[in-house]
$ cat input_1.cif   # mmCIF, N, CA and C atoms
data_run
#
loop_
_atom_site.label_atom_id
_atom_site.label_comp_id
_atom_site.auth_asym_id
_atom_site.auth_seq_id
_atom_site.Cartn_x
_atom_site.Cartn_y
_atom_site.Cartn_z
N MET A 1 151.89 105.86 54.13
CA MET A 1 151.55 105.73 55.53
C MET A 1 150.97 107.05 56.05
N ASN A 2 151.54 108.11 55.63
CA ASN A 2 151.07 109.42 56.03
C ASN A 2 149.63 109.62 55.60
N THR A 3 149.28 109.14 54.43
CA THR A 3 147.92 109.25 53.92
C THR A 3 146.98 108.37 54.75
N THR A 4 147.42 107.21 55.11
CA THR A 4 146.61 106.31 55.93
C THR A 4 146.35 106.92 57.30
N LEU A 5 147.36 107.53 57.89
CA LEU A 5 147.22 108.17 59.20
C LEU A 5 146.23 109.33 59.12
N LYS A 6 146.34 110.09 58.05
CA LYS A 6 145.42 111.22 57.87
C LYS A 6 143.98 110.71 57.71
N SER A 7 143.81 109.62 56.99
CA SER A 7 142.47 109.05 56.80
C SER A 7 141.89 108.55 58.11
N LEU A 8 142.74 107.91 58.90
CA LEU A 8 142.27 107.42 60.20
C LEU A 8 141.91 108.57 61.13
N LEU A 9 142.73 109.61 61.13
CA LEU A 9 142.42 110.78 61.97
C LEU A 9 141.14 111.48 61.51
N ALA A 10 140.97 111.57 60.21
CA ALA A 10 139.75 112.19 59.67
C ALA A 10 138.53 111.36 60.05
N ALA A 11 138.64 110.06 59.94
CA ALA A 11 137.53 109.17 60.31
C ALA A 11 137.23 109.28 61.79
N ALA A 12 138.28 109.31 62.62
CA ALA A 12 138.08 109.44 64.07
C ALA A 12 137.43 110.78 64.40
N GLY A 13 137.88 111.84 63.74
CA GLY A 13 137.27 113.15 63.95
C GLY A 13 135.81 113.16 63.56
N PHE A 14 135.51 112.53 62.44
CA PHE A 14 134.12 112.44 61.99
C PHE A 14 133.26 111.68 63.01
N LEU A 15 133.76 110.57 63.53
CA LEU A 15 133.01 109.78 64.51
C LEU A 15 132.80 110.56 65.81
N ILE A 16 133.82 111.28 66.23
CA ILE A 16 133.69 112.08 67.45
C ILE A 16 132.65 113.17 67.25
N ALA A 17 132.71 113.84 66.10
CA ALA A 17 131.74 114.90 65.80
C ALA A 17 130.33 114.34 65.71
N ALA A 18 130.19 113.19 65.05
CA ALA A 18 128.87 112.58 64.90
C ALA A 18 128.32 112.11 66.24
N SER A 19 129.18 111.55 67.09
CA SER A 19 128.68 111.06 68.37
C SER A 19 128.31 112.22 69.29
N SER A 20 129.04 113.34 69.22
CA SER A 20 128.68 114.49 70.06
C SER A 20 127.39 115.12 69.55
N PHE A 21 127.18 115.06 68.25
CA PHE A 21 125.93 115.58 67.69
C PHE A 21 124.76 114.72 68.14
N ALA A 22 124.92 113.43 68.16
CA ALA A 22 123.84 112.52 68.55
C ALA A 22 123.48 112.68 70.02
N GLN A 23 124.44 113.11 70.86
CA GLN A 23 124.17 113.25 72.28
C GLN A 23 123.64 114.63 72.64
N THR A 24 123.64 115.55 71.70
CA THR A 24 123.12 116.88 71.98
C THR A 24 121.61 116.78 72.06
N PRO A 25 121.01 117.17 73.19
CA PRO A 25 119.57 117.01 73.32
C PRO A 25 118.82 117.98 72.41
N ALA A 26 117.77 117.47 71.85
CA ALA A 26 116.91 118.33 71.04
C ALA A 26 116.08 119.19 71.97
N PRO A 27 115.74 120.40 71.57
CA PRO A 27 114.88 121.22 72.42
C PRO A 27 113.52 120.57 72.55
N ALA A 28 112.81 120.97 73.57
CA ALA A 28 111.48 120.41 73.81
C ALA A 28 110.60 120.69 72.61
N ALA A 29 109.65 119.81 72.39
CA ALA A 29 108.73 119.98 71.27
C ALA A 29 108.03 121.32 71.39
N ALA A 30 107.78 121.94 70.26
CA ALA A 30 107.17 123.27 70.25
C ALA A 30 105.81 123.25 70.93
N ALA A 31 105.04 122.22 70.71
CA ALA A 31 103.71 122.17 71.31
C ALA A 31 103.40 120.75 71.78
N PRO A 32 103.91 120.34 72.96
CA PRO A 32 103.57 119.00 73.45
C PRO A 32 102.09 118.94 73.78
N ALA A 33 101.57 117.75 73.83
CA ALA A 33 100.15 117.56 74.14
C ALA A 33 99.83 118.18 75.49
N ALA A 34 98.63 118.69 75.61
CA ALA A 34 98.21 119.32 76.87
C ALA A 34 98.35 118.32 78.00
N GLY A 35 99.04 118.72 79.05
CA GLY A 35 99.22 117.86 80.20
C GLY A 35 100.39 116.90 80.08
N ALA A 36 101.12 116.95 78.94
CA ALA A 36 102.24 116.03 78.77
C ALA A 36 103.44 116.53 79.56
N ALA A 37 104.15 115.62 80.17
CA ALA A 37 105.38 115.96 80.88
C ALA A 37 106.53 115.73 79.92
N THR A 38 107.43 116.71 79.82
CA THR A 38 108.56 116.61 78.92
C THR A 38 109.84 116.88 79.70
N ALA A 39 110.84 116.04 79.49
CA ALA A 39 112.09 116.16 80.23
C ALA A 39 113.27 115.75 79.38
N LEU A 40 114.45 116.16 79.82
CA LEU A 40 115.71 115.72 79.24
C LEU A 40 116.33 114.77 80.25
N CYS A 41 116.66 113.57 79.80
CA CYS A 41 117.27 112.58 80.67
C CYS A 41 118.77 112.82 80.74
N LYS A 42 119.41 112.31 81.79
CA LYS A 42 120.85 112.52 82.00
C LYS A 42 121.71 111.87 80.92
N ASP A 43 121.17 110.87 80.23
CA ASP A 43 121.96 110.24 79.17
C ASP A 43 121.74 110.90 77.81
N GLY A 44 120.96 112.01 77.80
CA GLY A 44 120.77 112.75 76.56
C GLY A 44 119.49 112.45 75.82
N THR A 45 118.76 111.43 76.22
CA THR A 45 117.49 111.13 75.57
C THR A 45 116.41 112.03 76.14
N SER A 46 115.31 112.14 75.41
CA SER A 46 114.21 112.96 75.90
C SER A 46 113.05 112.07 76.32
N TYR A 47 112.18 112.62 77.15
CA TYR A 47 111.01 111.90 77.65
C TYR A 47 109.79 112.77 77.46
N THR A 48 108.72 112.21 76.96
CA THR A 48 107.42 112.87 76.90
C THR A 48 106.40 111.83 77.31
N GLY A 49 105.59 112.15 78.31
CA GLY A 49 104.59 111.21 78.79
C GLY A 49 103.47 111.91 79.50
N GLU A 50 102.47 111.15 79.91
CA GLU A 50 101.30 111.69 80.59
C GLU A 50 101.61 112.19 81.99
N SER A 51 102.61 111.62 82.64
CA SER A 51 102.94 112.06 83.99
C SER A 51 104.45 112.05 84.17
N LYS A 52 104.90 112.63 85.27
CA LYS A 52 106.33 112.66 85.58
C LYS A 52 106.80 111.35 86.20
N LYS A 53 105.87 110.54 86.66
CA LYS A 53 106.21 109.29 87.33
C LYS A 53 106.92 108.34 86.35
N GLY A 54 108.08 107.89 86.74
CA GLY A 54 108.83 106.94 85.94
C GLY A 54 109.60 107.56 84.79
N ALA A 55 109.58 108.89 84.69
CA ALA A 55 110.29 109.56 83.61
C ALA A 55 111.78 109.27 83.71
N CYS A 56 112.39 108.96 82.60
CA CYS A 56 113.83 108.71 82.48
C CYS A 56 114.31 107.54 83.33
N SER A 57 113.43 106.66 83.76
CA SER A 57 113.90 105.47 84.47
C SER A 57 114.66 104.62 83.46
N GLY A 58 115.82 104.17 83.82
CA GLY A 58 116.67 103.43 82.91
C GLY A 58 117.52 104.34 82.04
N HIS A 59 117.44 105.65 82.25
CA HIS A 59 118.23 106.61 81.48
C HIS A 59 119.03 107.52 82.41
N LYS A 60 119.40 107.02 83.57
CA LYS A 60 120.22 107.71 84.57
C LYS A 60 119.50 108.88 85.24
N GLY A 61 118.21 108.96 85.15
CA GLY A 61 117.45 109.99 85.84
C GLY A 61 117.20 111.23 84.98
N ILE A 62 116.62 112.24 85.61
CA ILE A 62 116.20 113.45 84.92
C ILE A 62 117.26 114.53 85.07
N LYS A 63 117.62 115.14 83.95
CA LYS A 63 118.56 116.25 83.96
C LYS A 63 117.80 117.57 84.05
N GLU A 64 116.72 117.70 83.27
CA GLU A 64 115.98 118.96 83.23
C GLU A 64 114.53 118.72 82.79
N TRP A 65 113.61 119.41 83.46
CA TRP A 65 112.20 119.41 83.05
C TRP A 65 111.97 120.61 82.15
N TYR A 66 111.18 120.44 81.14
CA TYR A 66 110.82 121.56 80.27
C TYR A 66 109.49 122.12 80.75
N GLY A 67 109.25 123.38 80.54
CA GLY A 67 108.00 124.02 80.95
C GLY A 67 108.17 124.68 82.30
N ALA A 68 107.05 124.96 82.96
CA ALA A 68 107.06 125.65 84.25
C ALA A 68 107.77 124.79 85.28
N LYS A 69 108.74 125.37 85.97
CA LYS A 69 109.53 124.63 86.95
C LYS A 69 108.69 124.30 88.17
N GLY A 70 108.63 123.03 88.53
CA GLY A 70 107.93 122.60 89.72
C GLY A 70 106.42 122.46 89.54
N ALA A 71 105.89 122.87 88.40
CA ALA A 71 104.45 122.76 88.19
C ALA A 71 104.12 121.36 87.71
N PRO A 72 103.25 120.66 88.40
CA PRO A 72 102.89 119.32 87.95
C PRO A 72 102.17 119.37 86.60
N ALA A 73 102.40 118.37 85.79
CA ALA A 73 101.78 118.32 84.47
C ALA A 73 100.27 118.29 84.58
N ALA A 74 99.74 117.61 85.58
CA ALA A 74 98.29 117.52 85.73
C ALA A 74 97.68 118.89 86.01
N ALA A 75 98.36 119.72 86.79
CA ALA A 75 97.85 121.06 87.09
C ALA A 75 97.83 121.91 85.83
N ALA A 76 98.86 121.78 85.01
CA ALA A 76 98.89 122.53 83.76
C ALA A 76 97.78 122.07 82.83
N ALA A 77 97.53 120.77 82.80
CA ALA A 77 96.46 120.25 81.96
C ALA A 77 95.10 120.71 82.46
N ALA A 78 94.91 120.74 83.77
CA ALA A 78 93.64 121.18 84.33
C ALA A 78 93.38 122.64 84.03
N ALA A 79 94.44 123.45 84.06
CA ALA A 79 94.28 124.87 83.77
C ALA A 79 93.94 125.10 82.30
N ALA A 80 94.47 124.26 81.42
CA ALA A 80 94.26 124.42 80.00
C ALA A 80 92.97 123.78 79.51
N ALA A 81 92.47 122.80 80.24
CA ALA A 81 91.28 122.05 79.80
C ALA A 81 90.01 122.83 80.10
N PRO A 82 89.04 122.78 79.20
CA PRO A 82 87.76 123.42 79.49
C PRO A 82 87.02 122.66 80.58
N ALA A 83 86.14 123.35 81.28
CA ALA A 83 85.37 122.72 82.36
C ALA A 83 84.50 121.62 81.78
N LYS A 84 84.42 120.51 82.49
CA LYS A 84 83.60 119.39 82.04
C LYS A 84 82.15 119.63 82.43
N ALA A 85 81.26 119.27 81.54
CA ALA A 85 79.83 119.38 81.82
C ALA A 85 79.42 118.25 82.76
N ALA A 86 78.42 118.50 83.57
CA ALA A 86 77.90 117.48 84.46
C ALA A 86 77.30 116.36 83.63
N PRO A 87 77.43 115.12 84.06
CA PRO A 87 76.84 114.02 83.29
C PRO A 87 75.33 114.17 83.21
N ALA A 88 74.80 113.83 82.06
CA ALA A 88 73.37 113.98 81.83
C ALA A 88 72.59 112.99 82.69
N GLN A 89 71.51 113.46 83.27
CA GLN A 89 70.62 112.60 84.06
C GLN A 89 69.65 111.91 83.10
N PRO A 90 69.22 110.71 83.42
CA PRO A 90 68.23 110.04 82.58
C PRO A 90 66.94 110.86 82.53
N ALA A 91 66.23 110.77 81.42
CA ALA A 91 64.98 111.50 81.28
C ALA A 91 63.93 110.92 82.23
N VAL A 92 63.04 111.79 82.68
CA VAL A 92 61.97 111.36 83.58
C VAL A 92 60.89 110.66 82.75
N ALA A 93 60.45 109.50 83.20
CA ALA A 93 59.40 108.76 82.52
C ALA A 93 58.08 109.50 82.64
N ALA A 94 57.30 109.48 81.58
CA ALA A 94 56.00 110.16 81.56
C ALA A 94 55.02 109.44 82.46
N GLY A 95 54.08 110.19 83.05
CA GLY A 95 53.01 109.56 83.81
C GLY A 95 53.04 109.85 85.29
N GLY A 96 54.06 110.51 85.79
CA GLY A 96 54.13 110.80 87.22
C GLY A 96 53.24 111.97 87.57
N GLY A 97 53.29 112.38 88.80
CA GLY A 97 52.50 113.52 89.21
C GLY A 97 52.22 113.50 90.69
N ALA A 98 51.31 114.39 91.09
CA ALA A 98 50.97 114.54 92.50
C ALA A 98 50.43 113.24 93.08
N GLY A 99 50.95 112.87 94.23
CA GLY A 99 50.46 111.69 94.94
C GLY A 99 51.00 110.38 94.42
N LYS A 100 51.88 110.40 93.44
CA LYS A 100 52.42 109.15 92.89
C LYS A 100 53.90 109.03 93.24
N VAL A 101 54.35 107.80 93.40
CA VAL A 101 55.76 107.50 93.62
C VAL A 101 56.24 106.69 92.42
N TRP A 102 57.55 106.67 92.23
CA TRP A 102 58.15 105.85 91.18
C TRP A 102 58.71 104.61 91.84
N VAL A 103 58.26 103.43 91.41
CA VAL A 103 58.74 102.17 91.96
C VAL A 103 59.76 101.57 91.00
N ASN A 104 60.97 101.39 91.49
CA ASN A 104 62.02 100.73 90.73
C ASN A 104 61.75 99.23 90.85
N SER A 105 61.32 98.62 89.75
CA SER A 105 60.93 97.21 89.80
C SER A 105 62.12 96.28 90.03
N ALA A 106 63.33 96.71 89.70
CA ALA A 106 64.50 95.86 89.91
C ALA A 106 64.90 95.77 91.38
N THR A 107 64.74 96.87 92.13
CA THR A 107 65.18 96.89 93.53
C THR A 107 64.01 96.89 94.52
N LYS A 108 62.78 97.02 94.00
CA LYS A 108 61.56 97.11 94.82
C LYS A 108 61.64 98.29 95.79
N THR A 109 62.26 99.39 95.31
CA THR A 109 62.39 100.63 96.08
C THR A 109 61.52 101.68 95.42
N TYR A 110 60.79 102.48 96.22
CA TYR A 110 60.04 103.57 95.60
C TYR A 110 60.66 104.92 95.96
N HIS A 111 60.54 105.84 94.99
CA HIS A 111 61.15 107.17 95.09
C HIS A 111 60.05 108.23 95.04
N CYS A 112 60.19 109.22 95.90
CA CYS A 112 59.20 110.30 95.99
C CYS A 112 59.40 111.32 94.88
N SER A 113 58.33 112.04 94.56
CA SER A 113 58.38 113.11 93.57
C SER A 113 59.43 114.14 93.99
N GLY A 114 60.28 114.53 93.04
CA GLY A 114 61.34 115.51 93.33
C GLY A 114 62.66 114.90 93.74
N SER A 115 62.70 113.59 93.99
CA SER A 115 63.97 112.96 94.38
C SER A 115 64.81 112.68 93.13
N LYS A 116 66.06 112.37 93.34
CA LYS A 116 67.01 112.17 92.24
C LYS A 116 66.57 111.09 91.26
N TRP A 117 66.00 110.00 91.73
CA TRP A 117 65.67 108.87 90.87
C TRP A 117 64.19 108.78 90.51
N TYR A 118 63.40 109.79 90.82
CA TYR A 118 61.96 109.77 90.51
C TYR A 118 61.76 109.71 88.99
N GLY A 119 61.26 108.58 88.52
CA GLY A 119 60.99 108.38 87.09
C GLY A 119 62.23 108.17 86.24
N LYS A 120 63.40 107.92 86.86
CA LYS A 120 64.64 107.87 86.09
C LYS A 120 65.36 106.52 86.10
N THR A 121 64.87 105.53 86.82
CA THR A 121 65.55 104.23 86.80
C THR A 121 65.20 103.51 85.51
N LYS A 122 65.97 102.47 85.19
CA LYS A 122 65.77 101.77 83.91
C LYS A 122 64.40 101.11 83.81
N ALA A 123 63.93 100.53 84.90
CA ALA A 123 62.66 99.82 84.86
C ALA A 123 61.84 100.22 86.08
N GLY A 124 60.59 100.51 85.87
CA GLY A 124 59.73 100.88 86.99
C GLY A 124 58.38 101.39 86.51
N GLU A 125 57.58 101.82 87.49
CA GLU A 125 56.26 102.36 87.17
C GLU A 125 55.80 103.30 88.26
N TYR A 126 54.85 104.17 87.90
CA TYR A 126 54.25 105.09 88.87
C TYR A 126 53.05 104.42 89.52
N MET A 127 52.86 104.72 90.80
CA MET A 127 51.67 104.26 91.53
C MET A 127 51.57 105.07 92.82
N SER A 128 50.49 104.89 93.53
CA SER A 128 50.36 105.60 94.80
C SER A 128 51.32 104.97 95.82
N GLU A 129 51.66 105.74 96.84
CA GLU A 129 52.56 105.22 97.87
C GLU A 129 51.93 104.04 98.59
N ALA A 130 50.61 104.11 98.81
CA ALA A 130 49.91 103.00 99.48
C ALA A 130 49.99 101.72 98.65
N ASP A 131 49.80 101.85 97.32
CA ASP A 131 49.90 100.67 96.45
C ASP A 131 51.33 100.11 96.45
N ALA A 132 52.33 101.00 96.45
CA ALA A 132 53.72 100.55 96.45
C ALA A 132 54.01 99.74 97.71
N LYS A 133 53.54 100.23 98.87
CA LYS A 133 53.76 99.51 100.13
C LYS A 133 53.01 98.19 100.13
N ALA A 134 51.78 98.20 99.60
CA ALA A 134 50.96 96.99 99.58
C ALA A 134 51.60 95.89 98.71
N LYS A 135 52.35 96.30 97.70
CA LYS A 135 53.00 95.33 96.81
C LYS A 135 54.38 94.91 97.32
N GLY A 136 54.73 95.35 98.55
CA GLY A 136 55.99 94.91 99.16
C GLY A 136 57.20 95.78 98.83
N ASN A 137 56.98 96.96 98.27
CA ASN A 137 58.10 97.86 97.99
C ASN A 137 58.44 98.68 99.22
N HIS A 138 59.67 99.20 99.29
CA HIS A 138 60.07 100.00 100.44
C HIS A 138 60.56 101.37 99.96
N ALA A 139 60.48 102.33 100.88
CA ALA A 139 60.89 103.70 100.57
C ALA A 139 62.41 103.80 100.41
N ASP A 140 62.84 104.68 99.52
CA ASP A 140 64.27 104.93 99.31
C ASP A 140 64.88 105.47 100.61
N HIS A 141 65.90 104.81 101.12
CA HIS A 141 66.57 105.16 102.37
C HIS A 141 65.60 105.20 103.55
N GLY A 142 64.50 104.46 103.46
CA GLY A 142 63.55 104.38 104.56
C GLY A 142 62.74 105.65 104.79
N LYS A 143 62.75 106.61 103.86
CA LYS A 143 62.05 107.89 104.02
C LYS A 143 60.75 107.86 103.23
N ALA A 144 59.66 107.78 103.94
CA ALA A 144 58.34 107.79 103.28
C ALA A 144 58.07 109.16 102.69
N CYS A 145 57.22 109.21 101.68
CA CYS A 145 56.92 110.48 101.01
C CYS A 145 55.90 111.33 101.75
N SER A 146 54.91 110.71 102.39
CA SER A 146 53.84 111.51 103.01
C SER A 146 54.08 111.79 104.46
#
$ encode --input "input_1.cif" --output "structure tokens"
Amino acid sequence: MNTTLKSLLAAAGFLIAASSFAQTPAPAAAAPAAGAATALCKDGTSYTGESKKGACSGHKGIKEWYGAKGAPAAAAAAAAAPAKAAPAQPAVAAGGGAGKVWVNSATKTYHCSGSKWYGKTKAGEYMSEADAKAKGNHADHGKACS
């Protein structure tokens, strides 16, 4: 009986040690993804995600945030991310020049030389402003070129 009691106590001690080990939170990952939010939940589980919203929901809430205290993950990601290049503008169609407007055939709108959409819409052609008006096209935002 003494041996059985010792075995039971040893098993109980092992289970207690194992369960306390399982509840010990692991330290934050050495290098979480840029902009990732990392936290320790109150129940001992960890959280890593794109944002802090909803972190540790269903895990009794947040015990501790890893990283800069109070700094939003998005701000950290923005600081670490390289500046984004401006989106490329469509190439200007060949054939334009002085005295010509670009007529967007899909919208029947004409664009003056130097404007944002001059020669850059998907479908269109160059012509004089007088020809564009004669064919029923209208100026972009009602602003004539001449």
$ residues_around --input "input_1.cif" --residues "Gly95 in chain A" --least-positions-apart "4" --cutoff "8 Å" --atoms "only N, CA and C atoms" --output "PDB file with N, CA and C atoms, in the coordinates of the input"
ATOM      1  N   LYS A 100      51.880 110.400  93.440  1.00  0.00           N
ATOM      2  CA  LYS A 100      52.420 109.150  92.890  1.00  0.00           C
ATOM      3  C   LYS A 100      53.900 109.030  93.240  1.00  0.00           C
ATOM      4  N   GLU A 125      57.580 101.820  87.490  1.00  0.00           N
ATOM      5  CA  GLU A 125      56.260 102.360  87.170  1.00  0.00           C
ATOM      6  C   GLU A 125      55.800 103.300  88.260  1.00  0.00           C
ATOM      7  N   TYR A 126      54.850 104.170  87.900  1.00  0.00           N
ATOM      8  CA  TYR A 126      54.250 105.090  88.870  1.00  0.00           C
ATOM      9  C   TYR A 126      53.050 104.420  89.520  1.00  0.00           C
ATOM     10  N   MET A 127      52.860 104.720  90.800  1.00  0.00           N
ATOM     11  CA  MET A 127      51.670 104.260  91.530  1.00  0.00           C
ATOM     12  C   MET A 127      51.570 105.070  92.820  1.00  0.00           C
TER      13      MET A 127
END
$ closest_residue --input "input_1.cif" --among "A:Trp65, A:Gly119, A:Cys112, A:Ser46" --to "Ala91 in chain A" --atoms "only N, CA and C atoms"
A:Gly119
$ atom_distance --input "input_1.cif" --atom1 "CA of Cys41 in chain A" --atom2 "CA of Cys56 in chain A"
5.5 Å
$ closest_residue --input "input_1.cif" --among "A:Lys60, A:Ser128, A:Lys116, A:His138" --to "Gly96 in chain A" --atoms "only C-alpha atoms"
A:Ser128
$ atom_distance --input "input_1.cif" --atom1 "CA of Ala36 in chain A" --atom2 "atom C of Ser51 in chain A"
7.1 Å
$ atom_distance --input "input_1.cif" --atom1 "atom N of His111 in chain A" --atom2 "atom N of Glu129 in chain A"
9.1 Å
$ residues_around --input "input_1.cif" --residues "Ala130 in chain A" --least-positions-apart "3" --cutoff "12 Å" --atoms "only C-alpha atoms" --output "ChimeraX atom specification"
/A:99-101,103,110,126-127,133-139,144-146
$ closest_residue --input "input_1.cif" --among "A:Lys42, A:Lys120, A:Lys108, A:Lys143" --to "Glu64 in chain A" --atoms "all atoms listed in the file"
A:Lys42
